[in-house]
$ cat structure-v7.cif   # mmCIF, C-alpha atoms
data_my_file
#
loop_
_atom_site.group_PDB
_atom_site.id
_atom_site.type_symbol
_atom_site.label_atom_id
_atom_site.label_comp_id
_atom_site.auth_asym_id
_atom_site.auth_seq_id
_atom_site.Cartn_x
_atom_site.Cartn_y
_atom_site.Cartn_z
ATOM 1 C CA MET A 1 11.579 -16.187 0.013
ATOM 2 C CA GLY A 2 14.320 -18.636 -0.844
ATOM 3 C CA GLY A 3 14.144 -17.505 -4.439
ATOM 4 C CA ALA A 4 14.452 -13.871 -3.365
ATOM 5 C CA LEU A 5 17.615 -14.701 -1.411
ATOM 6 C CA ALA A 6 19.043 -16.622 -4.348
ATOM 7 C CA ARG A 7 18.549 -13.592 -6.577
ATOM 8 C CA ALA A 8 20.235 -11.435 -3.948
ATOM 9 C CA ALA A 9 23.153 -13.833 -3.561
ATOM 10 C CA VAL A 10 24.088 -13.857 -7.231
ATOM 11 C CA ARG A 11 24.422 -10.068 -7.188
ATOM 12 C CA ARG A 12 27.544 -10.477 -5.025
ATOM 13 C CA LEU A 13 28.667 -14.076 -5.534
ATOM 14 C CA PRO A 14 29.608 -15.999 -8.665
ATOM 15 C CA PRO A 15 26.527 -18.061 -9.572
ATOM 16 C CA SER A 16 28.754 -21.141 -9.681
ATOM 17 C CA GLU A 17 29.129 -20.827 -5.892
ATOM 18 C CA VAL A 18 25.373 -21.060 -5.285
ATOM 19 C CA LEU A 19 23.545 -24.404 -5.108
ATOM 20 C CA LEU A 20 19.747 -24.380 -5.075
ATOM 21 C CA SER A 21 17.498 -27.095 -3.745
ATOM 22 C CA ASN A 22 13.733 -27.384 -3.462
ATOM 23 C CA ARG A 23 11.289 -30.056 -2.398
ATOM 24 C CA THR A 24 10.003 -29.807 -5.976
ATOM 25 C CA ALA A 25 13.225 -30.308 -7.921
ATOM 26 C CA ALA A 26 11.840 -28.734 -11.099
ATOM 27 C CA ARG A 27 11.376 -25.388 -9.360
ATOM 28 C CA ALA A 28 15.000 -25.338 -8.201
ATOM 29 C CA GLU A 29 16.177 -26.350 -11.658
ATOM 30 C CA GLU A 30 14.130 -23.591 -13.315
ATOM 31 C CA LEU A 31 15.498 -20.859 -11.043
ATOM 32 C CA ALA A 32 19.025 -22.247 -11.258
ATOM 33 C CA LEU A 33 18.855 -22.092 -15.043
ATOM 34 C CA GLU A 34 17.655 -18.489 -14.887
ATOM 35 C CA LEU A 35 20.391 -17.399 -12.459
ATOM 36 C CA GLY A 36 23.221 -19.570 -13.760
ATOM 37 C CA CYS A 37 23.445 -21.558 -10.520
ATOM 38 C CA ALA A 38 23.632 -25.275 -9.885
ATOM 39 C CA SER A 39 20.728 -27.255 -8.453
ATOM 40 C CA GLY A 40 20.713 -30.429 -6.426
ATOM 41 C CA SER A 41 19.185 -32.281 -3.513
ATOM 42 C CA ALA A 42 18.863 -30.968 0.030
ATOM 43 C CA ALA A 43 21.363 -33.613 1.123
ATOM 44 C CA GLN A 44 23.861 -32.381 -1.452
ATOM 45 C CA ALA A 45 23.455 -28.794 -0.253
ATOM 46 C CA ALA A 46 23.888 -29.904 3.355
ATOM 47 C CA ALA A 47 26.987 -31.906 2.481
ATOM 48 C CA GLU A 48 28.733 -29.242 0.400
ATOM 49 C CA GLY A 49 27.549 -25.795 1.500
ATOM 50 C CA ARG A 50 29.767 -23.424 3.436
ATOM 51 C CA PHE A 51 26.548 -21.670 4.487
ATOM 52 C CA VAL A 52 23.606 -24.069 4.493
ATOM 53 C CA ILE A 53 20.456 -21.955 4.266
ATOM 54 C CA LEU A 54 17.403 -23.688 5.704
ATOM 55 C CA GLY A 55 14.632 -21.896 3.817
ATOM 56 C CA VAL A 56 11.575 -23.834 4.962
ATOM 57 C CA LYS A 57 8.467 -23.087 7.003
ATOM 58 C CA PRO A 58 8.806 -23.679 10.751
ATOM 59 C CA GLN A 59 6.269 -26.498 10.800
ATOM 60 C CA VAL A 60 8.362 -28.630 8.433
ATOM 61 C CA MET A 61 11.798 -27.821 9.881
ATOM 62 C CA ALA A 62 11.888 -30.827 12.241
ATOM 63 C CA GLY A 63 11.246 -33.224 9.370
ATOM 64 C CA LEU A 64 13.891 -31.584 7.208
ATOM 65 C CA MET A 65 16.503 -31.683 9.961
ATOM 66 C CA ALA A 66 15.740 -35.313 10.732
ATOM 67 C CA GLY A 67 16.797 -36.158 7.191
ATOM 68 C CA LEU A 68 19.811 -33.838 7.110
ATOM 69 C CA SER A 69 21.236 -34.589 10.565
ATOM 70 C CA PRO A 70 23.250 -37.651 9.467
ATOM 71 C CA VAL A 71 24.656 -35.685 6.513
ATOM 72 C CA LEU A 72 25.719 -32.790 8.728
ATOM 73 C CA ALA A 73 27.178 -35.098 11.368
ATOM 74 C CA ALA A 74 29.332 -36.806 8.736
ATOM 75 C CA ARG A 75 30.986 -33.590 7.613
ATOM 76 C CA GLN A 76 34.625 -33.047 8.551
ATOM 77 C CA ASP A 77 34.849 -29.444 7.355
ATOM 78 C CA ARG A 78 33.562 -26.197 8.802
ATOM 79 C CA PHE A 79 30.053 -24.991 7.910
ATOM 80 C CA VAL A 80 27.364 -22.655 9.229
ATOM 81 C CA LEU A 81 23.623 -23.298 9.316
ATOM 82 C CA VAL A 82 21.468 -20.325 8.319
ATOM 83 C CA THR A 83 17.814 -20.452 9.336
ATOM 84 C CA MET A 84 15.018 -18.144 8.253
ATOM 85 C CA ALA A 85 12.158 -20.149 9.771
ATOM 86 C CA ALA A 86 9.819 -17.749 11.542
ATOM 87 C CA GLY A 87 9.608 -18.217 15.284
ATOM 88 C CA LEU A 88 12.262 -20.930 15.629
ATOM 89 C CA THR A 89 15.260 -20.012 17.774
ATOM 90 C CA MET A 90 18.826 -21.027 17.076
ATOM 91 C CA ALA A 91 18.673 -23.325 20.112
ATOM 92 C CA GLN A 92 15.625 -25.069 18.641
ATOM 93 C CA ILE A 93 17.381 -25.577 15.309
ATOM 94 C CA ASN A 94 20.373 -27.160 17.030
ATOM 95 C CA ALA A 95 18.063 -29.398 19.046
ATOM 96 C CA MET A 96 16.438 -30.578 15.822
ATOM 97 C CA ALA A 97 19.867 -31.098 14.264
ATOM 98 C CA GLY A 98 21.014 -33.112 17.250
ATOM 99 C CA ALA A 99 24.264 -31.168 17.663
ATOM 100 C CA ASN A 100 25.585 -27.726 18.509
ATOM 101 C CA TYR A 101 26.437 -26.151 15.164
ATOM 102 C CA PRO A 102 27.298 -22.518 14.332
ATOM 103 C CA ILE A 103 24.028 -20.844 13.350
ATOM 104 C CA ILE A 104 23.017 -17.542 11.805
ATOM 105 C CA ARG A 105 19.344 -16.707 12.166
ATOM 106 C CA ILE A 106 17.942 -14.370 9.532
ATOM 107 C CA MET A 107 14.616 -12.800 8.723
ATOM 108 C CA PRO A 108 14.579 -11.383 5.176
ATOM 109 C CA ASN A 109 11.686 -9.814 3.306
ATOM 110 C CA THR A 110 10.496 -10.142 -0.275
ATOM 111 C CA PRO A 111 11.996 -6.855 -1.572
ATOM 112 C CA CYS A 112 15.357 -8.624 -1.223
ATOM 113 C CA ALA A 113 14.572 -10.035 -4.667
ATOM 114 C CA VAL A 114 15.171 -6.597 -6.191
ATOM 115 C CA GLY A 115 17.969 -5.518 -3.854
ATOM 116 C CA GLU A 116 15.743 -3.212 -1.803
ATOM 117 C CA GLY A 117 15.004 -5.473 1.134
ATOM 118 C CA ILE A 118 16.143 -5.790 4.697
ATOM 119 C CA VAL A 119 17.656 -8.853 6.350
ATOM 120 C CA LEU A 120 17.517 -8.954 10.134
ATOM 121 C CA TYR A 121 20.069 -11.352 11.586
ATOM 122 C CA ASP A 122 21.792 -12.636 14.695
ATOM 123 C CA ALA A 123 24.421 -15.315 15.201
ATOM 124 C CA SER A 124 25.247 -17.941 17.801
ATOM 125 C CA PRO A 125 28.531 -17.653 19.728
ATOM 126 C CA LEU A 126 30.084 -20.414 17.604
ATOM 127 C CA VAL A 127 29.955 -18.224 14.479
ATOM 128 C CA THR A 128 33.252 -16.399 13.984
ATOM 129 C CA GLN A 129 33.460 -12.756 12.971
ATOM 130 C CA GLU A 130 35.131 -13.842 9.742
ATOM 131 C CA GLU A 131 32.194 -16.112 8.933
ATOM 132 C CA LEU A 132 29.702 -13.395 9.789
ATOM 133 C CA ASP A 133 31.548 -10.902 7.591
ATOM 134 C CA GLN A 134 31.680 -13.417 4.759
ATOM 135 C CA PHE A 135 27.965 -14.111 5.019
ATOM 136 C CA THR A 136 26.887 -10.465 5.175
ATOM 137 C CA ALA A 137 29.157 -9.582 2.253
ATOM 138 C CA GLY A 138 27.663 -12.399 0.207
ATOM 139 C CA MET A 139 24.114 -11.303 1.000
ATOM 140 C CA ALA A 140 24.700 -7.551 0.585
ATOM 141 C CA GLY A 141 22.828 -7.691 -2.711
ATOM 142 C CA ALA A 142 19.623 -8.153 -0.735
ATOM 143 C CA GLY A 143 19.645 -4.582 0.555
ATOM 144 C CA ILE A 144 20.211 -3.604 4.190
ATOM 145 C CA LEU A 145 21.520 -6.193 6.663
ATOM 146 C CA ASP A 146 20.897 -5.228 10.265
ATOM 147 C CA ARG A 147 21.949 -7.211 13.323
ATOM 148 C CA LEU A 148 19.216 -7.554 15.941
ATOM 149 C CA GLU A 149 19.182 -9.473 19.207
ATOM 150 C CA GLU A 150 17.469 -12.799 18.673
ATOM 151 C CA ARG A 151 14.846 -12.019 21.331
ATOM 152 C CA LEU A 152 13.652 -9.120 19.124
ATOM 153 C CA ILE A 153 13.694 -10.872 15.761
ATOM 154 C CA ASP A 154 10.029 -11.895 15.967
ATOM 155 C CA ALA A 155 9.083 -8.243 16.496
ATOM 156 C CA GLY A 156 11.360 -7.189 13.647
ATOM 157 C CA CYS A 157 9.750 -9.831 11.450
ATOM 158 C CA ALA A 158 6.296 -8.394 12.172
ATOM 159 C CA VAL A 159 7.433 -5.005 10.831
ATOM 160 C CA ALA A 160 9.939 -5.840 8.064
ATOM 161 C CA GLY A 161 8.914 -9.368 7.093
ATOM 162 C CA CYS A 162 5.123 -9.047 7.237
ATOM 163 C CA GLY A 163 5.096 -5.342 6.393
ATOM 164 C CA PRO A 164 5.303 -5.783 2.606
ATOM 165 C CA ALA A 165 1.879 -7.443 2.694
ATOM 166 C CA PHE A 166 0.452 -4.537 4.689
ATOM 167 C CA VAL A 167 1.992 -2.008 2.299
ATOM 168 C CA CYS A 168 0.613 -3.898 -0.699
ATOM 169 C CA GLN A 169 -2.851 -3.752 0.849
ATOM 170 C CA PHE A 170 -2.385 0.004 1.275
ATOM 171 C CA MET A 171 -1.223 0.460 -2.331
ATOM 172 C CA GLU A 172 -4.126 -1.609 -3.611
ATOM 173 C CA ALA A 173 -6.563 0.490 -1.584
ATOM 174 C CA LEU A 174 -4.994 3.722 -2.846
ATOM 175 C CA ALA A 175 -5.296 2.510 -6.426
ATOM 176 C CA ASP A 176 -8.898 1.423 -5.855
ATOM 177 C CA GLY A 177 -9.652 4.891 -4.521
ATOM 178 C CA GLY A 178 -8.077 6.418 -7.599
ATOM 179 C CA VAL A 179 -10.163 4.195 -9.853
ATOM 180 C CA ALA A 180 -13.269 5.213 -7.896
ATOM 181 C CA CYS A 181 -12.347 8.816 -8.717
ATOM 182 C CA GLY A 182 -12.014 8.036 -12.430
ATOM 183 C CA LEU A 183 -8.334 7.134 -12.914
ATOM 184 C CA PRO A 184 -7.434 4.246 -15.234
ATOM 185 C CA ARG A 185 -6.316 1.234 -13.169
ATOM 186 C CA SER A 186 -2.787 1.160 -14.605
ATOM 187 C CA LYS A 187 -2.166 4.818 -13.804
ATOM 188 C CA ALA A 188 -3.667 4.571 -10.314
ATOM 189 C CA MET A 189 -1.369 1.654 -9.487
ATOM 190 C CA LEU A 190 1.689 3.417 -10.925
ATOM 191 C CA TYR A 191 0.980 6.537 -8.891
ATOM 192 C CA ALA A 192 0.393 4.571 -5.684
ATOM 193 C CA ALA A 193 3.531 2.435 -6.014
ATOM 194 C CA GLN A 194 5.819 5.315 -6.957
ATOM 195 C CA MET A 195 4.401 7.450 -4.168
ATOM 196 C CA VAL A 196 5.167 4.752 -1.571
ATOM 197 C CA LYS A 197 8.664 4.239 -2.976
ATOM 198 C CA GLY A 198 9.393 7.964 -3.137
ATOM 199 C CA THR A 199 8.030 8.745 0.325
ATOM 200 C CA ALA A 200 10.158 5.993 1.878
ATOM 201 C CA ALA A 201 13.216 7.326 0.056
ATOM 202 C CA LEU A 202 12.443 10.863 1.245
ATOM 203 C CA GLN A 203 12.179 9.765 4.885
ATOM 204 C CA GLN A 204 15.448 7.817 4.705
ATOM 205 C CA ALA A 205 17.271 10.659 2.951
ATOM 206 C CA THR A 206 16.107 13.368 5.340
ATOM 207 C CA GLY A 207 15.845 11.371 8.572
ATOM 208 C CA GLN A 208 12.714 13.334 9.413
ATOM 209 C CA HIS A 209 9.988 11.832 11.567
ATOM 210 C CA PRO A 210 7.102 10.565 9.411
ATOM 211 C CA GLY A 211 4.760 12.846 11.339
ATOM 212 C CA ALA A 212 6.769 15.879 10.236
ATOM 213 C CA LEU A 213 6.679 14.758 6.608
ATOM 214 C CA LYS A 214 2.926 14.264 6.915
ATOM 215 C CA ASP A 215 2.481 17.756 8.375
ATOM 216 C CA ALA A 216 4.454 19.238 5.475
ATOM 217 C CA VAL A 217 1.813 17.977 3.052
ATOM 218 C CA CYS A 218 -1.204 18.991 5.128
ATOM 219 C CA SER A 219 -2.158 22.587 4.250
ATOM 220 C CA PRO A 220 -4.757 24.163 6.571
ATOM 221 C CA GLY A 221 -8.219 23.287 5.335
ATOM 222 C CA GLY A 222 -6.763 21.408 2.363
ATOM 223 C CA SER A 223 -7.492 18.123 0.645
ATOM 224 C CA THR A 224 -4.695 16.136 2.343
ATOM 225 C CA ILE A 225 -5.790 16.925 5.898
ATOM 226 C CA ALA A 226 -9.341 15.981 4.895
ATOM 227 C CA GLY A 227 -8.033 12.569 3.820
ATOM 228 C CA VAL A 228 -5.910 12.212 6.975
ATOM 229 C CA ARG A 229 -8.983 12.957 9.080
ATOM 230 C CA ALA A 230 -10.936 10.251 7.243
ATOM 231 C CA LEU A 231 -8.176 7.745 7.985
ATOM 232 C CA GLU A 232 -8.120 8.726 11.655
ATOM 233 C CA GLU A 233 -11.896 8.357 11.912
ATOM 234 C CA ARG A 234 -11.523 4.778 10.672
ATOM 235 C CA GLY A 235 -8.691 3.850 13.056
ATOM 236 C CA PHE A 236 -5.983 3.627 10.396
ATOM 237 C CA ARG A 237 -2.977 3.895 12.715
ATOM 238 C CA SER A 238 -4.403 1.685 15.447
ATOM 239 C CA GLY A 239 -5.313 -0.883 12.793
ATOM 240 C CA VAL A 240 -1.742 -0.975 11.499
ATOM 241 C CA MET A 241 -0.366 -1.275 15.033
ATOM 242 C CA ASP A 242 -2.785 -4.125 15.745
ATOM 243 C CA ALA A 243 -1.628 -5.875 12.562
ATOM 244 C CA VAL A 244 2.011 -5.750 13.693
ATOM 245 C CA VAL A 245 1.158 -7.008 17.185
ATOM 246 C CA ALA A 246 -0.961 -9.835 15.740
ATOM 247 C CA ALA A 247 1.827 -10.831 13.341
ATOM 248 C CA GLU A 248 4.418 -10.880 16.137
ATOM 249 C CA LYS A 249 2.127 -13.015 18.321
ATOM 250 C CA ARG A 250 1.545 -15.500 15.507
ATOM 251 C CA THR A 251 5.283 -15.696 14.767
ATOM 252 C CA ARG A 252 5.965 -16.663 18.382
ATOM 253 C CA GLU A 253 3.216 -19.271 18.202
ATOM 254 C CA LEU A 254 4.823 -20.856 15.141
ATOM 255 C CA GLY A 255 7.953 -21.532 17.194
ATOM 256 C CA GLU A 256 6.122 -23.250 20.039
#

$ encode --input "structure-v7.cif" --output "structure tokens"
Amino acid sequence: MGGALARAAVRRLPPSEVLLSNRTAARAEELALELGCASGSAAQAAAEGRFVILGVKPQVMAGLMAGLSPVLAARQDRFVLVTMAAGLTMAQINAMAGANYPIIRIMPNTPCAVGEGIVLYDASPLVTQEELDQFTAGMAGAGILDRLEERLIDAGCAVAGCGPAFVCQFMEALADGGVACGLPRSKAMLYAAQMVKGTAALQQATGQHPGALKDAVCSPGGSTIAGVRALEERGFRSGVMDAVVAAEKRTRELGE
């Protein structure tokens, strides 16, 4: 996910303004070389960054902040911490940092890597509007940035952050069905992926409810309604809803 954000950042910012760090230095160096960025240690990023993005899993955040806290405390200039750790609140990040810093909490998704993602975000009261505008402008290459109350970010994560995995399962199943019907694998996957992309674009362009778009395809007694009925018999919609609820529950657990 950090790599996806780095790719998004260099669409709007000069690569020379982006410093990448990774626990495995070689990975940061490889991506930095590809994007034209600099690479360095986590301490260097924490000491120099205007926006210090903490792109680690929630279970390792405390250890990371323990090492970075002295670096952050020594700074005399203004900076903003940006966290994308699932389930961890801004208050928890500040507690781990041992101080009350300006924080932006974000939840991006993997399509940010190709500029078609969504970044949910909220900010602590210490973040100025100028800083928020600067951050959102710099990350605009990710796709859509949408502000959401922090109390709802875990729910948003379950839809936008976990959703790409659910959609990929759906595309894989569609392609498998096509192969079962005789399509070559490459064509089945192309058709499934383009169909998902095009249907999403159609819904966004028209603003129509997905149910209305579904009805427009379902001719009486036709093949589409036969497929829809098969999905309903197998609990397709309730299964998807259960997946979102389970993902939101797990996200909250990760922050406990």

$ resolve_selection --input "structure-v7.cif" --expression "the PyMOL selection byres ((chain A and resi 195-202) around 12)" --output "PyMOL selection string"
chain A and resi 111+116+164+167-172+174-175+187-194+203-210+212-214+217

$ resolve_selection --input "structure-v7.cif" --expression "the PyMOL selection byres ((chain A and resi 28) around 12)" --output "list in words"
Gly2, Gly3, Ala6, Val18, Leu19, Leu20, Ser21, Asn22, Arg23, Thr24, Ala25, Ala26, Arg27, Glu29, Glu30, Leu31, Ala32, Leu33, Glu34, Leu35, Gly36, Cys37, Ala38, Ser39, Gly40, Ser41 and Ala42 of chain A

$ write_last_selection --input "structure-v7.cif" --atoms "C-alpha atoms" --output "PDB file, keeping the file's coordinate frame"
ATOM      1  CA  GLY A   2      14.320 -18.636  -0.844  1.00  0.00           C
ATOM      2  CA  GLY A   3      14.144 -17.505  -4.439  1.00  0.00           C
ATOM      3  CA  ALA A   6      19.043 -16.622  -4.348  1.00  0.00           C
ATOM      4  CA  VAL A  18      25.373 -21.060  -5.285  1.00  0.00           C
ATOM      5  CA  LEU A  19      23.545 -24.404  -5.108  1.00  0.00           C
ATOM      6  CA  LEU A  20      19.747 -24.380  -5.075  1.00  0.00           C
ATOM      7  CA  SER A  21      17.498 -27.095  -3.745  1.00  0.00           C
ATOM      8  CA  ASN A  22      13.733 -27.384  -3.462  1.00  0.00           C
ATOM      9  CA  ARG A  23      11.289 -30.056  -2.398  1.00  0.00           C
ATOM     10  CA  THR A  24      10.003 -29.807  -5.976  1.00  0.00           C
ATOM     11  CA  ALA A  25      13.225 -30.308  -7.921  1.00  0.00           C
ATOM     12  CA  ALA A  26      11.840 -28.734 -11.099  1.00  0.00           C
ATOM     13  CA  ARG A  27      11.376 -25.388  -9.360  1.00  0.00           C
ATOM     14  CA  GLU A  29      16.177 -26.350 -11.658  1.00  0.00           C
ATOM     15  CA  GLU A  30      14.130 -23.591 -13.315  1.00  0.00           C
ATOM     16  CA  LEU A  31      15.498 -20.859 -11.043  1.00  0.00           C
ATOM     17  CA  ALA A  32      19.025 -22.247 -11.258  1.00  0.00           C
ATOM     18  CA  LEU A  33      18.855 -22.092 -15.043  1.00  0.00           C
ATOM     19  CA  GLU A  34      17.655 -18.489 -14.887  1.00  0.00           C
ATOM     20  CA  LEU A  35      20.391 -17.399 -12.459  1.00  0.00           C
ATOM     21  CA  GLY A  36      23.221 -19.570 -13.760  1.00  0.00           C
ATOM     22  CA  CYS A  37      23.445 -21.558 -10.520  1.00  0.00           C
ATOM     23  CA  ALA A  38      23.632 -25.275  -9.885  1.00  0.00           C
ATOM     24  CA  SER A  39      20.728 -27.255  -8.453  1.00  0.00           C
ATOM     25  CA  GLY A  40      20.713 -30.429  -6.426  1.00  0.00           C
ATOM     26  CA  SER A  41      19.185 -32.281  -3.513  1.00  0.00           C
ATOM     27  CA  ALA A  42      18.863 -30.968   0.030  1.00  0.00           C
TER      28      ALA A  42
END

$ resolve_selection --input "structure-v7.cif" --expression "the PyMOL selection byres ((chain A and resi 145) around 8)" --output "PyMOL selection string"
chain A and resi 118-121+136+140+142-144+146-147

$ axis_aligned_box --input "structure-v7.cif" --around "segment 55-59 of chain A" --padding-each-side "6 Å" --output "lines of an AutoDock Vina configuration file"
center_x = 10.5
center_y = -24.2
center_z = 7.3
size_x = 20.4
size_y = 16.6
size_z = 19.0

$ closest_residue --input "structure-v7.cif" --among "A:Ala180, A:Ala137, A:Ile93, A:Cys157" --to "Ala246 of chain A" --atoms "only C-alpha atoms"
A:Cys157

$ atom_distance --input "structure-v7.cif" --atom1 "atom CA of Ala155 of chain A" --atom2 "atom CA of Val244 of chain A"
8.0 Å

$ closest_residue --input "structure-v7.cif" --among "A:Thr110, A:Gln129, A:Ser69, A:Gln59" --to "Leu88 of chain A" --atoms "all atoms listed in the file"
A:Gln59

$ closest_residue --input "structure-v7.cif" --among "A:Leu148, A:Val228, A:Val127, A:Ala8" --to "Phe51 of chain A" --atoms "all atoms listed in the file"
A:Val127
